[in-house]
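Student: Next comes coords14.cif, mmCIF, C-alpha atoms:
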data_query
loop_
_atom_site.label_atom_id
_atom_site.label_comp_id
_atom_site.auth_asym_id
_atom_site.auth_seq_id
_atom_site.Cartn_x
_atom_site.Cartn_y
_atom_site.Cartn_z
CA MET A 245 11.90 8.07 4.92
CA LEU A 246 11.07 8.36 1.24
CA GLU A 247 7.51 8.81 0.08
CA THR A 248 6.15 7.91 -3.33
CA THR A 249 2.68 8.91 -4.39
CA THR A 250 0.86 8.87 -7.70
CA ALA A 251 -1.36 11.76 -6.66
CA ARG A 252 -0.57 15.13 -8.27
CA GLU A 253 -0.61 18.06 -5.89
CA SER A 254 -3.52 20.41 -6.61
CA ASP A 255 -3.14 24.13 -7.17
CA ALA A 256 -4.39 25.78 -3.99
CA SER A 257 -4.76 29.06 -5.92
CA SER A 258 -7.41 27.61 -8.28
CA PRO A 259 -10.96 28.99 -7.92
CA ALA A 260 -12.21 25.66 -6.53
CA GLY A 261 -9.31 25.47 -4.08
CA GLN A 262 -9.87 29.04 -2.96
CA ARG A 263 -13.57 28.40 -2.32
CA ILE A 264 -12.86 25.27 -0.28
CA ALA A 265 -10.25 27.13 1.78
CA ARG A 266 -12.62 30.05 2.35
CA VAL A 267 -15.51 27.83 3.48
CA ALA A 268 -13.19 25.87 5.79
CA ALA A 269 -11.78 29.03 7.40
CA GLU A 270 -15.23 30.60 7.92
CA LEU A 271 -16.76 27.45 9.36
CA ARG A 272 -13.78 26.91 11.67
CA ALA A 273 -13.92 30.52 12.90
CA CYS A 274 -17.61 30.08 13.83
CA LEU A 275 -17.55 26.54 15.24
CA THR A 276 -14.42 26.71 17.40
CA PRO A 277 -15.55 29.43 19.85
CA LEU A 278 -18.98 27.78 20.18
CA VAL A 279 -17.51 24.37 21.02
CA ILE A 280 -15.09 25.95 23.50
CA GLU A 281 -17.95 27.84 25.17
CA LEU A 282 -19.96 24.62 25.53
CA ALA A 283 -17.17 22.09 26.17
CA GLY A 284 -14.39 24.11 27.80
CA ASP A 285 -10.83 24.83 26.75
CA PRO A 286 -9.49 22.35 25.90
CA PRO A 287 -12.88 20.98 24.83
CA ARG A 288 -14.02 17.55 26.03
CA PRO A 289 -16.70 15.42 24.35
CA MET A 290 -18.28 14.50 27.71
CA ARG A 291 -19.23 18.14 28.31
CA LEU A 292 -21.13 18.20 25.01
CA THR A 293 -23.06 15.09 25.98
CA GLN A 294 -23.84 16.30 29.51
CA GLY A 295 -24.66 19.94 28.61
CA PRO A 296 -26.30 20.25 25.18
CA GLY A 297 -27.13 16.52 25.27
CA LEU A 298 -25.40 15.51 22.02
CA ASP A 299 -24.78 11.84 21.32
CA LYS A 300 -21.25 10.58 21.91
CA SER A 301 -20.40 10.14 18.23
CA LEU A 302 -21.33 13.71 17.24
CA ALA A 303 -19.67 15.17 20.34
CA SER A 304 -16.42 13.33 19.61
CA ARG A 305 -16.45 14.40 15.95
CA LEU A 306 -16.92 18.07 16.89
CA VAL A 307 -14.06 18.03 19.38
CA GLN A 308 -11.77 16.25 16.92
CA ALA A 309 -12.54 18.89 14.29
CA VAL A 310 -11.74 21.93 16.46
CA ARG A 311 -8.53 20.29 17.68
CA THR A 312 -7.10 19.91 14.17
CA GLY A 313 -4.13 22.02 13.14
CA GLY A 314 -5.26 23.27 9.73
CA ASP A 315 -8.40 24.40 7.92
CA LEU A 316 -8.45 21.54 5.38
CA GLU A 317 -7.97 18.92 8.09
CA PHE A 318 -10.76 20.66 10.04
CA LEU A 319 -13.12 20.48 7.05
CA HIS A 320 -12.30 16.80 6.61
CA GLN A 321 -13.11 16.03 10.26
CA VAL A 322 -16.12 18.32 10.76
CA PRO A 323 -19.59 16.68 10.91
CA SER A 324 -22.11 17.01 8.08
CA PRO A 325 -24.34 20.09 7.81
CA ASN A 326 -27.14 18.09 9.47
CA GLY A 327 -24.87 17.26 12.39
CA LEU A 328 -23.90 20.91 12.77
CA ARG A 329 -27.56 21.96 12.77
CA ILE A 330 -28.21 19.46 15.56
CA LEU A 331 -25.50 21.24 17.55
CA VAL A 332 -27.15 24.63 16.90
CA GLN A 333 -30.55 23.31 18.03
CA HIS A 334 -29.22 21.76 21.23
CA ALA A 335 -27.14 24.84 22.05
CA GLN A 336 -30.12 27.20 22.10
CA GLY A 337 -30.19 28.99 25.44
CA LEU A 338 -26.72 27.63 26.35
CA ALA A 339 -24.51 29.75 24.11
CA ASP A 340 -24.26 33.29 22.79
CA THR A 341 -26.93 33.87 20.12
CA SER A 342 -24.45 35.65 17.83
CA LEU A 343 -22.27 32.53 17.75
CA LEU A 344 -25.26 30.39 16.82
CA ARG A 345 -26.36 32.86 14.12
CA ASP A 346 -22.88 33.01 12.58
CA LEU A 347 -22.57 29.22 12.63
CA GLU A 348 -25.95 28.79 10.90
CA ALA A 349 -24.79 31.06 8.08
CA ALA A 350 -21.47 29.21 7.77
CA VAL A 351 -23.30 25.84 7.68
CA LYS A 352 -25.41 27.09 4.75
CA ARG A 353 -22.26 28.01 2.83
CA PHE A 354 -20.77 24.61 3.65
CA GLU A 355 -23.92 22.87 2.40
CA SER A 356 -23.91 24.99 -0.76
CA LEU A 357 -20.32 23.91 -1.45
CA LEU A 358 -21.25 20.22 -1.09
CA ASP A 359 -24.27 20.67 -3.39
CA THR A 360 -22.03 21.91 -6.21
CA LEU A 361 -19.80 18.83 -6.05
CA PRO A 362 -20.83 15.59 -7.79
CA GLY A 363 -20.58 13.01 -5.04
CA GLY A 364 -20.81 15.60 -2.27
CA ARG A 365 -18.62 14.95 0.76
CA GLN A 366 -16.67 12.13 -0.91
CA THR A 367 -15.64 14.41 -3.79
CA LEU A 368 -14.71 17.17 -1.36
CA ASP A 369 -12.43 14.82 0.58
CA ALA A 370 -10.85 13.64 -2.67
CA GLN A 371 -10.11 17.21 -3.75
CA MET A 372 -8.69 18.16 -0.36
CA GLY A 373 -6.62 14.98 -0.40
CA GLU A 374 -4.68 16.29 -3.40
CA ALA A 375 -3.31 19.08 -1.21
CA SER A 376 -3.06 17.19 2.10
CA SER A 377 -1.19 13.91 2.43
CA THR A 378 -2.88 13.27 5.80
CA ILE A 379 -6.38 13.48 4.32
CA ARG A 380 -5.39 11.49 1.25
CA GLU A 381 -3.87 8.67 3.27
CA ARG A 382 -6.87 8.49 5.59
CA ARG A 383 -9.29 8.27 2.65
CA GLU A 384 -7.07 5.68 0.95
CA GLN A 385 -7.04 3.56 4.10
CA ILE A 386 -10.85 3.59 4.29
CA ALA A 387 -11.16 2.70 0.59
CA ARG A 388 -8.53 -0.05 0.75
CA GLN A 389 -10.13 -1.58 3.84
CA ALA A 390 -13.52 -1.70 2.12
CA SER A 391 -11.88 -3.22 -0.97
CA PHE A 392 -10.24 -5.92 1.17
CA LYS A 393 -13.57 -6.98 2.69
CA ALA A 394 -15.32 -7.12 -0.67
CA GLN A 395 -12.56 -8.88 -2.59
CA SER A 396 -11.90 -11.41 0.18
CA PHE A 397 -15.53 -12.48 -0.19
CA LEU A 398 -15.50 -12.48 -3.99
CA PHE A 399 -12.13 -14.24 -4.33
CA GLY A 400 -12.88 -16.74 -1.59
CA HIS A 401 -9.47 -16.40 0.05
CA PHE A 402 -7.21 -13.92 1.87
CA CYS A 403 -4.17 -13.82 4.14
CA GLU A 404 -3.13 -11.73 7.09
CA THR A 405 0.38 -10.79 5.91
CA LEU A 406 2.13 -11.11 2.56
CA THR A 407 5.84 -10.34 2.25
CA THR A 408 8.36 -10.33 -0.56
CA SER A 409 12.11 -9.95 -0.09
CA LEU A 410 13.92 -9.13 -3.34
CA PHE A 411 17.71 -9.48 -3.32
CA VAL A 412 19.70 -8.00 -6.21
CA LEU A 413 23.35 -8.97 -6.66
CA PRO A 414 26.02 -9.17 -9.38
CA SER A 415 25.75 -12.24 -11.54
CA ALA A 416 28.42 -14.85 -12.11
CA GLU A 417 28.04 -13.88 -15.76
CA PRO A 418 30.03 -10.66 -16.36
CA GLY A 419 27.98 -7.50 -16.89
CA GLN A 420 24.75 -9.03 -15.55
CA VAL A 421 22.68 -8.82 -12.37
CA ASP A 422 20.78 -11.70 -10.73
CA MET A 423 17.80 -11.61 -8.38
CA ILE A 424 16.63 -13.83 -5.55
CA GLU A 425 13.06 -13.49 -4.33
CA VAL A 426 11.50 -14.88 -1.15
CA GLN A 427 7.70 -14.73 -0.89
CA ARG A 428 5.76 -15.42 2.31
CA ARG A 429 2.05 -15.72 3.08
CA ILE A 430 1.11 -15.71 6.75
CA GLY A 431 -2.37 -16.61 7.97
CA LEU A 432 -3.70 -17.84 4.64
CA GLN A 433 -7.43 -18.57 4.59
CA ARG A 434 -9.61 -20.12 1.88
CA ALA A 435 -13.42 -20.01 2.06
CA ALA A 436 -14.01 -22.70 -0.56
CA ALA A 437 -11.70 -25.71 -0.26
CA SER A 438 -12.50 -26.83 -3.81
CA VAL A 439 -10.97 -23.67 -5.31
CA ALA A 440 -7.34 -23.60 -6.46
CA LEU A 441 -5.43 -20.63 -5.04
CA PRO A 442 -2.90 -18.91 -7.34
CA LEU A 443 -0.03 -17.49 -5.29
CA LEU A 444 2.15 -15.77 -7.85
CA SER A 445 3.43 -15.88 -11.39
CA VAL A 446 6.89 -15.02 -12.67
CA HIS A 447 7.40 -13.92 -16.27
CA THR A 448 10.85 -13.69 -17.83
CA ALA A 449 11.13 -11.74 -21.06
CA LYS A 450 12.92 -12.62 -24.32
CA PRO A 451 12.14 -16.37 -24.26
CA GLY A 452 14.37 -18.50 -26.46
CA ARG A 453 17.35 -16.14 -26.52
CA SER A 454 20.62 -17.23 -25.00
CA ASP A 455 20.90 -14.01 -23.00
CA ALA A 456 17.30 -14.15 -21.73
CA PRO A 457 16.58 -14.01 -18.01
CA ARG A 458 16.15 -17.49 -16.59
CA MET A 459 14.10 -18.49 -13.57
CA LEU A 460 15.55 -21.35 -11.52
CA PRO A 461 15.21 -22.94 -8.10
CA LEU A 462 17.56 -21.54 -5.48
CA ALA A 463 19.92 -24.53 -5.58
CA GLY A 464 19.31 -25.86 -9.08
CA ALA A 465 21.03 -25.28 -12.39
CA GLU A 466 18.03 -26.25 -14.51
CA PRO A 467 14.37 -25.17 -14.56
CA SER A 468 12.07 -27.32 -12.44
CA THR A 469 8.39 -27.80 -11.71
CA ALA A 470 9.02 -29.82 -8.54
CA PRO A 471 7.35 -27.98 -5.61
CA ALA A 472 10.07 -29.02 -3.16
CA ASP A 473 12.60 -27.03 -5.20
CA TYR A 474 10.75 -23.78 -4.44
CA LEU A 475 9.35 -24.31 -0.94
CA VAL A 476 11.44 -23.06 1.99
CA ALA A 477 10.58 -25.58 4.71
CA GLU A 478 11.93 -23.37 7.51
CA GLY A 479 9.25 -20.81 6.66
CA CYS A 480 6.32 -23.19 6.06
CA SER A 481 3.83 -24.80 8.40
CA GLN A 482 3.67 -28.58 8.57
CA PRO A 483 2.69 -30.58 6.65
CA LEU A 484 4.26 -28.72 3.76
CA PRO A 485 1.78 -26.90 1.51
CA ASP A 486 0.35 -28.83 -1.43
CA LEU A 487 1.99 -26.57 -4.01
CA GLN A 488 1.78 -26.98 -7.78
CA VAL A 489 4.31 -25.36 -10.10
CA GLN A 490 3.07 -24.78 -13.65
CA SER A 491 5.21 -23.69 -16.54
CA ASP A 492 3.74 -21.88 -19.56
CA GLY A 493 6.50 -20.71 -21.87
CA ALA A 494 8.31 -17.85 -20.16
CA THR A 495 5.81 -17.79 -17.28
CA THR A 496 5.99 -19.92 -14.12
CA ILE A 497 2.90 -20.04 -11.87
CA PHE A 498 2.71 -21.21 -8.25
CA VAL A 499 -0.70 -22.57 -7.23
CA LEU A 500 -2.04 -24.18 -4.05
CA ARG A 501 -4.04 -27.21 -5.11
CA PRO A 502 -7.68 -27.48 -4.09
CA GLY A 503 -8.26 -29.90 -1.24
CA VAL A 504 -11.44 -30.71 0.59
CA ASP A 505 -9.83 -32.40 3.56
CA ALA A 506 -6.36 -30.83 3.66
CA PRO A 507 -6.08 -27.87 6.07
CA MET A 508 -4.92 -24.53 4.73
CA PRO A 509 -1.23 -23.94 5.53
CA ALA A 510 -0.80 -21.17 8.08
CA ARG A 511 2.56 -20.20 6.54
CA VAL A 512 3.69 -20.61 2.94
CA THR A 513 7.22 -19.57 1.92
CA THR A 514 8.47 -19.90 -1.64
CA ALA A 515 11.69 -18.69 -3.21
CA PHE A 516 13.42 -18.66 -6.59
CA ARG A 517 16.22 -16.91 -8.42
CA VAL A 518 16.37 -15.20 -11.79
CA LEU A 519 19.66 -15.23 -13.69
CA ARG A 520 20.55 -12.26 -15.91
CA SER A 521 17.52 -10.30 -14.75
CA GLU A 522 19.19 -6.96 -15.60
CA THR A 523 22.38 -5.61 -17.12
CA LEU A 524 24.89 -4.15 -14.69
CA ALA A 525 25.51 -1.02 -16.78
CA GLN A 526 22.23 0.87 -17.14
CA ALA A 527 21.68 3.17 -20.13
CA GLU A 528 18.70 4.91 -18.49
CA PRO A 529 18.58 6.81 -15.20
CA TRP A 530 16.09 4.25 -13.87
CA VAL A 531 15.36 0.54 -13.97
CA ILE A 532 12.21 -1.43 -13.19
CA LEU A 533 13.24 -4.35 -10.99
CA ARG A 534 9.90 -6.09 -10.58
CA THR A 535 6.22 -5.60 -11.35
CA TYR A 536 3.78 -7.42 -9.06
CA MET A 537 0.09 -8.06 -9.44
CA LEU A 538 -1.45 -9.08 -6.13
CA HIS A 539 -3.72 -12.15 -6.44
CA THR A 540 -4.49 -12.62 -2.75
CA PRO A 541 -6.27 -9.96 -0.67
CA CYS A 542 -4.29 -9.31 2.51
CA ARG A 543 -4.36 -7.07 5.55
CA THR A 544 -0.67 -6.19 5.42
CA LEU A 545 1.72 -6.13 2.46
CA VAL A 546 5.48 -5.78 2.95
CA ARG A 547 7.90 -5.58 0.02
CA ASP A 548 11.63 -5.34 0.69
CA ILE A 549 14.43 -4.49 -1.75
CA HIS A 550 18.00 -5.48 -0.88
CA LEU A 551 20.97 -4.45 -3.04
CA ALA A 552 24.33 -6.16 -2.63
CA ALA A 553 26.89 -3.85 -1.03
CA GLY A 554 28.63 -1.83 -3.74
CA LEU A 555 25.97 -2.49 -6.38
CA TRP A 556 24.51 0.73 -7.83
CA PRO A 557 25.58 2.88 -4.83
CA ASP A 558 23.58 5.91 -6.06
CA ALA A 559 20.30 4.01 -6.50
CA ARG A 560 17.12 5.07 -4.69
CA PRO A 561 13.92 2.97 -4.73
CA GLU A 562 10.58 4.17 -6.11
CA VAL A 563 7.14 2.58 -6.02
CA GLY A 564 4.29 3.12 -8.48
CA PHE A 565 0.81 1.68 -8.97
CA TYR A 566 -0.82 1.12 -12.34
CA LEU A 567 -3.91 -0.34 -13.94
CA PRO A 568 -3.03 -3.52 -15.84
CA GLY A 569 -2.99 -3.30 -19.62
CA PRO A 570 -5.51 -5.02 -21.87
CA SER A 571 -5.11 -8.80 -21.96
CA GLY A 572 -2.84 -10.02 -24.73
CA THR A 573 -1.16 -6.68 -25.36
CA PRO A 574 2.62 -6.28 -24.97
CA PRO A 575 3.75 -4.86 -21.62
CA VAL A 576 4.28 -1.10 -21.53
CA VAL A 577 7.44 0.28 -19.94
CA ILE A 578 6.41 3.17 -17.68
CA GLU A 579 9.06 5.49 -16.27
CA PRO A 580 8.69 5.69 -12.51
CA GLY A 581 7.30 8.92 -11.11
CA GLN A 582 6.08 10.24 -14.46
CA PRO A 583 2.43 10.93 -15.47
CA HIS A 584 0.72 8.06 -17.27
CA LEU A 585 -2.87 7.23 -18.12
CA ARG A 586 -2.61 3.93 -16.18
CA ARG A 587 -1.36 5.45 -12.94
CA VAL A 588 -3.49 4.83 -9.85
CA ASN A 589 -3.84 7.31 -7.00
CA LEU A 590 -2.20 5.36 -4.19
CA THR A 591 0.45 6.37 -1.68
CA ALA A 592 3.33 4.27 -0.39
CA ARG A 593 6.17 5.00 1.98
CA ILE A 594 9.66 3.52 1.71
CA GLU A 595 11.92 3.29 4.75
CA GLN A 596 15.62 2.51 4.95
CA LEU A 597 16.31 -0.80 6.65
CA PRO A 598 19.01 -1.17 9.31
CA PRO A 599 22.29 -2.80 8.28
CA GLY A 600 23.03 -6.47 8.76
CA ALA A 601 20.68 -9.28 9.70
CA ARG A 602 18.26 -6.91 11.48
CA ALA A 603 17.06 -5.86 8.03
CA LEU A 604 15.45 -9.28 7.64
CA GLU A 605 13.30 -8.97 10.77
CA LEU A 606 9.64 -7.99 10.64
CA ASP A 607 7.43 -6.92 13.52
CA GLY A 608 4.58 -9.37 14.06
CA VAL A 609 6.26 -12.16 12.07
CA PRO A 610 8.76 -13.76 14.47
CA ASP A 611 10.15 -16.32 12.01
CA GLN A 612 10.69 -13.85 9.13
CA ARG A 613 14.45 -13.63 9.58
CA THR A 614 14.81 -17.41 9.96
CA ALA A 615 12.86 -18.10 6.77
CA VAL A 616 14.71 -15.53 4.64
CA GLU A 617 18.14 -16.56 5.95
CA ALA A 618 17.34 -20.19 5.11
CA ALA A 619 16.50 -19.19 1.52
CA LEU A 620 19.70 -17.17 1.13
CA ALA A 621 21.77 -20.04 2.54
CA ARG A 622 20.24 -22.48 0.05
CA ALA A 623 21.09 -20.06 -2.76
CA GLY A 624 24.68 -19.87 -1.51
CA VAL A 625 24.66 -16.12 -0.86
CA GLY A 626 24.25 -16.13 2.92
CA GLY A 627 27.54 -14.30 3.45
CA ILE A 628 26.84 -11.35 1.14
CA ALA A 629 26.15 -7.95 2.72
CA PHE A 630 23.13 -6.01 1.47
CA ARG A 631 21.59 -2.58 1.98
CA GLY A 632 17.83 -2.45 1.88
CA TRP A 633 14.53 -0.60 1.93
CA ARG A 634 11.01 -1.58 2.95
CA CYS A 635 7.60 -0.60 1.60
CA ARG A 636 4.77 -1.52 3.98
CA MET A 637 1.07 -1.05 3.21
CA GLY A 638 -2.19 -1.84 4.91
CA TYR A 639 -4.95 -3.43 2.82
CA PRO A 640 -3.27 -3.22 -0.63
CA VAL A 641 -5.58 -3.34 -3.64
CA PRO A 642 -5.47 -6.68 -5.54
CA LEU A 643 -5.17 -6.85 -9.32
CA ILE A 644 -3.33 -3.51 -9.47
CA GLU A 645 0.25 -3.57 -10.76
CA MET A 646 2.80 -2.50 -8.17
CA GLN A 647 6.08 -1.45 -9.75
CA LEU A 648 9.34 -1.57 -7.81
CA ALA A 649 12.01 0.51 -9.49
CA LEU A 650 15.36 2.15 -8.84
CA ARG A 651 16.38 5.63 -9.93
CA PHE A 652 20.05 6.48 -10.34
CA ALA A 653 21.69 9.80 -9.59
CA ALA A 654 23.93 9.20 -12.62
CA VAL A 655 23.54 6.98 -15.65
CA HIS A 656 25.68 3.83 -15.42
#
Taking this structure as input, can you express it in the form of C-alpha cells?

Tutor:
Amino acid sequence: MLETTTARESDASSPAGQRIARVAAELRACLTPLVIELAGDPPRPMRLTQGPGLDKSLASRLVQAVRTGGDLEFLHQVPSPNGLRILVQHAQGLADTSLLRDLEAAVKRFESLLDTLPGGRQTLDAQMGEASSTIRERREQIARQASFKAQSFLFGHFCETLTTSLFVLPSAEPGQVDMIEVQRRIGLQRAAASVALPLLSVHTAKPGRSDAPRMLPLAGAEPSTAPADYLVAEGCSQPLPDLQVQSDGATTIFVLRPGVDAPMPARVTTAFRVLRSETLAQAEPWVILRTYMLHTPCRTLVRDIHLAAGLWPDARPEVGFYLPGPSGTPPVVIEPGQPHLRRVNLTARIEQLPPGARALELDGVPDQRTAVEAALARAGVGGIAFRGWRCRMGYPVPLIEMQLALRFAAVH
C-alpha cells in the first residue's frame, strides 16, 4: 500500500521535540505502575471504577493510555492534567504514596508544557502528529468529521458515498491519451428542495485549438448538453435524476435542478470521456491526470485510477491536497509531492486493486461494478484490460483541490 501525505516529518531532535518526548516518558513512567497497582496487570477500567471510584470515561482513557506502545501515542491518549489529578485524589490510601507524589510532579510538568503552547492540547497533538502517522490520522479524522457536520448544514446537502473511476487509455489519435470518468453519488440528501445542487464541473484547457482536449458523451462524437447523454441509467435510481448540463466555454457543469416535489435520487451516476487529455510521451517525470474540487460533503470518498494494460508501465499514483487559487487567476501547475504554499496537511492512502473485473467492486456499494461496466460498454472499451489503484477517505474536506497524479520511474 502506498501512502501520500502533505505533512512534513518533524525533527525529533529539536528542542521542542525533545521536551515533548521527555515529558511523555516521565509521565508514562509514573502513571503506568500506579494504574497497574490499582487496576491489575493487564489493567481493566472496571477495577478503576470499583476501587478508586473513577467515572467510566476517565477509567477507560487511563487504561487506553498505559496500553499504548510508544511515548507519543501515550501522551496523545492520556487524560488532561485535571483528569490525572482526579486519579491522584481518588487513589489516596489505595496506592503507594511515592507513586502518587511522583505522578503529581509529572502532572505539573505536563501542565507546564501545555501552558507554553498556543492552543494547548490541540497544538500538542498537532506537533506530535508530525512525527506519528497514527496520531496525525486520528486528529485528521476528528477534524474532517466535524467539517462534514458543519458544511452539510451550511451547504444544505450531502451524500453518503461519492466515487470516481478514472480510466486512462491510448487514444485513437496517435501520440495521445484519452480518459473516461464515471462519477457516482450514493445516498444523496438535500435539506432545501429549492436549491440547485452542483455535482461536478469539467474544464478542458486550450479552448479553440485543434489539439485541445475535448469533453464528449461516452457514445457521442460531438459535444452535448443533453442529460441523457451523460447519465448511466444502470447506476441511477428511478425516475432518472433531473440533471442539467451547462456549458460555459471550456467548462461543462452538471447540476441537479431544484425541485419542490421531486424526490432526491438515491443514486446518481454520470460519465463522460475526454479526448486528447494527455500526450503519450511525457517530457516530465510526472503528470497530473485530474484535479477535483469536492462540492458535496460526503461520509466516504473513493477515487479510482485505472491505466490500460501496457500504458506507462512504470507509473505510480500520487495524491495531493491544495488550497484553491484566487478566483480568476490562471491555474498553477504543482509538482506532486513537493513543498508548496498551497499544500494542505491531509493524509491519503492508495491501494493496488486486484486484476480484472474485481477491481470495479466496492464494499458497501453492491451495484458499483454493474454501473461502471455499463459505462465502459457504452464507451466501447469494455474489453480492455486495466490495472488500477484506489484512494479511499472518510469525511473528505469540500472545496479543497485533490490532485491525482502519476510519477514515472523514467521520463517517456

Student: Which neighbours of A:Tyr639 fall inside 10 Å, counting all atoms listed in the file, when residues of the same chain fewer than 5 positions from it are skipped, and could you give them as a PyMOL selection string?

Tutor: chain A and resi 384-393+404-405+541-545

Student: Could you check the closest approach to A:Ala592 for each of A:Val518, A:Ala510, A:Glu381, A:Gly464 and tell me which residue wins, using all atoms listed in the file?

Tutor: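 The shortest atom-to-atom distance to A:Ala592 comes from A:Glu381.
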
Student: For the structure provided, state which residues fall under the PyMOL selection byres ((chain A and resi 555-572) around 6), and present them as a PyMOL selection string.

Tutor: chain A and resi 552-554+573+586-588+644-653

Student: Go through A:Leu585, A:Ala440, A:Met459, A:Arg291 and flag the residue nearest A:Gly400, using all atoms listed in the file for the distances.

Tutor: A:Ala440

Student: What's the separation between atom CA of A:Ala350 and atom CA of A:Ile264, in Å to one decimal place?

Tutor: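 Computed distance, atom CA of A:Ala350 to atom CA of A:Ile264, equals 12.4 Å.
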
Student: First collect every listed atom of stretch 345-356 of chain A; then fit an axis-aligned box around them, widen it by 6 Å on each side, and give centre and edge lengths in Å to one decimal, as JSON.

Tutor:
{"center_x": -23.6, "center_y": 27.9, "center_z": 6.7, "size_x": 17.6, "size_y": 22.1, "size_z": 26.9}

Student: Enumerate, as a PyMOL selection string, the residues matched when the PyMOL selection byres ((chain A and resi 420-433) around 6) is run on the file above.

Tutor: chain A and resi 401-415+417-419+434+510-524

Student: Just give me the gap between atom CA of A:Gly297 and atom CA of A:Arg382 in Å, one decimal is fine.

Tutor: 29.4 Å

Student: List, as an MDAnalysis selection string, every residue that the PyMOL selection byres ((chain A and resi 273-275) around 9) selects in the file provided.

Tutor: chainID A and resid 268:272 276:280 306 310 328 343:344 346:348 350

Student: Do you have the atom CA of A:Thr469-atom CA of A:Gln482 distance handy?

Tutor: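 Rounded to one decimal, the two atoms are 20.8 Å apart.
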
Student: Nearest to A:Val351 among A:Ile330, A:Ala603, A:Gly493, A:Thr540, with distances taken over all atoms listed in the file: which residue is it?

Tutor: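 Comparing A:Ile330, A:Ala603, A:Gly493, A:Thr540 against A:Val351, the winner is A:Ile330.
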
Student: Find the residues near A:Leu357: any atom within 12 Å, counting all atoms listed in the file, skip ones fewer than 2 places away on the same chain, and give them as a PyMOL selection string.

Tutor: chain A and resi 260-268+271+319+324-325+350-355+359-365+367-368

Student: Could you list as a short mmCIF file (atom, residue, chain, number, x, y, z; two decimals) with C-alpha atoms, keeping the file's coordinate frame every residue that has an atom within 7 Å of (10.3, -24.7, -17.3), using the file's coordinates and counting all atoms listed in the file?

Tutor:
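Result file follows (result-v2.cif):
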data_model
loop_
_atom_site.label_atom_id
_atom_site.label_comp_id
_atom_site.auth_asym_id
_atom_site.auth_seq_id
_atom_site.Cartn_x
_atom_site.Cartn_y
_atom_site.Cartn_z
CA PRO A 467 14.37 -25.17 -14.56
CA SER A 468 12.07 -27.32 -12.44
CA THR A 469 8.39 -27.80 -11.71
CA SER A 491 5.21 -23.69 -16.54
#

Student: Could you name the residues that touch A:Leu302 at 12 Å or less, counting all atoms listed in the file, but leaving out those on the same chain fewer than 3 positions away, as a PDB file with C-alpha atoms, in the coordinates of the input?

Tutor:
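Output file around.pdb is given in full below:
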ATOM      1  CA  VAL A 279     -17.510  24.370  21.020  1.00  0.00           C
ATOM      2  CA  PRO A 289     -16.700  15.420  24.350  1.00  0.00           C
ATOM      3  CA  MET A 290     -18.280  14.500  27.710  1.00  0.00           C
ATOM      4  CA  LEU A 292     -21.130  18.200  25.010  1.00  0.00           C
ATOM      5  CA  THR A 293     -23.060  15.090  25.980  1.00  0.00           C
ATOM      6  CA  PRO A 296     -26.300  20.250  25.180  1.00  0.00           C
ATOM      7  CA  GLY A 297     -27.130  16.520  25.270  1.00  0.00           C
ATOM      8  CA  LEU A 298     -25.400  15.510  22.020  1.00  0.00           C
ATOM      9  CA  ASP A 299     -24.780  11.840  21.320  1.00  0.00           C
ATOM     10  CA  ARG A 305     -16.450  14.400  15.950  1.00  0.00           C
ATOM     11  CA  LEU A 306     -16.920  18.070  16.890  1.00  0.00           C
ATOM     12  CA  VAL A 307     -14.060  18.030  19.380  1.00  0.00           C
ATOM     13  CA  GLN A 308     -11.770  16.250  16.920  1.00  0.00           C
ATOM     14  CA  ALA A 309     -12.540  18.890  14.290  1.00  0.00           C
ATOM     15  CA  GLN A 321     -13.110  16.030  10.260  1.00  0.00           C
ATOM     16  CA  VAL A 322     -16.120  18.320  10.760  1.00  0.00           C
ATOM     17  CA  PRO A 323     -19.590  16.680  10.910  1.00  0.00           C
ATOM     18  CA  SER A 324     -22.110  17.010   8.080  1.00  0.00           C
ATOM     19  CA  PRO A 325     -24.340  20.090   7.810  1.00  0.00           C
ATOM     20  CA  ASN A 326     -27.140  18.090   9.470  1.00  0.00           C
ATOM     21  CA  GLY A 327     -24.870  17.260  12.390  1.00  0.00           C
ATOM     22  CA  LEU A 328     -23.900  20.910  12.770  1.00  0.00           C
ATOM     23  CA  ARG A 329     -27.560  21.960  12.770  1.00  0.00           C
ATOM     24  CA  ILE A 330     -28.210  19.460  15.560  1.00  0.00           C
ATOM     25  CA  LEU A 331     -25.500  21.240  17.550  1.00  0.00           C
ATOM     26  CA  HIS A 334     -29.220  21.760  21.230  1.00  0.00           C
TER      27      HIS A 334
END

Student: Name the residues in contact with A:Arg602 at a cut-off of 12 Å, using all atoms listed in the file, excluding same-chain residues fewer than 3 positions from it; report them as JSON, numbers by chain.

Tutor: {"A": [596, 597, 598, 599, 605, 606, 607, 612, 613, 614, 616, 617, 629, 630, 631, 632]}

Student: Would you please work out which residue, of A:Leu460, A:Pro574, A:Val609, A:Ala623, is nearest to A:Gly479 when using only C-alpha atoms?

Tutor: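 Nearest to A:Gly479: A:Val609.
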
Student: For stretch 513-519 of chain A, supply N, CA and C atoms and report the output as an mmCIF file, in the frame of the given file.

Tutor:
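New file rebuild.cif:
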data_model
loop_
_atom_site.group_PDB
_atom_site.id
_atom_site.type_symbol
_atom_site.label_atom_id
_atom_site.label_comp_id
_atom_site.auth_asym_id
_atom_site.auth_seq_id
_atom_site.Cartn_x
_atom_site.Cartn_y
_atom_site.Cartn_z
ATOM 1 N N THR A 513 6.039 -20.318 2.341
ATOM 2 C CA THR A 513 7.220 -19.570 1.920
ATOM 3 C C THR A 513 7.793 -20.208 0.677
ATOM 4 N N THR A 514 7.888 -19.433 -0.382
ATOM 5 C CA THR A 514 8.470 -19.900 -1.640
ATOM 6 C C THR A 514 9.620 -18.972 -2.013
ATOM 7 N N ALA A 515 10.548 -19.497 -2.795
ATOM 8 C CA ALA A 515 11.690 -18.690 -3.210
ATOM 9 C C ALA A 515 12.215 -19.205 -4.547
ATOM 10 N N PHE A 516 12.832 -18.308 -5.289
ATOM 11 C CA PHE A 516 13.420 -18.660 -6.590
ATOM 12 C C PHE A 516 14.486 -17.623 -6.907
ATOM 13 N N ARG A 517 15.239 -17.890 -7.959
ATOM 14 C CA ARG A 517 16.220 -16.910 -8.420
ATOM 15 C C ARG A 517 16.049 -16.698 -9.913
ATOM 16 N N VAL A 518 16.425 -15.532 -10.371
ATOM 17 C CA VAL A 518 16.370 -15.200 -11.790
ATOM 18 C C VAL A 518 17.762 -14.793 -12.234
ATOM 19 N N LEU A 519 18.338 -15.552 -13.145
ATOM 20 C CA LEU A 519 19.660 -15.230 -13.690
ATOM 21 C C LEU A 519 19.517 -14.187 -14.787
#
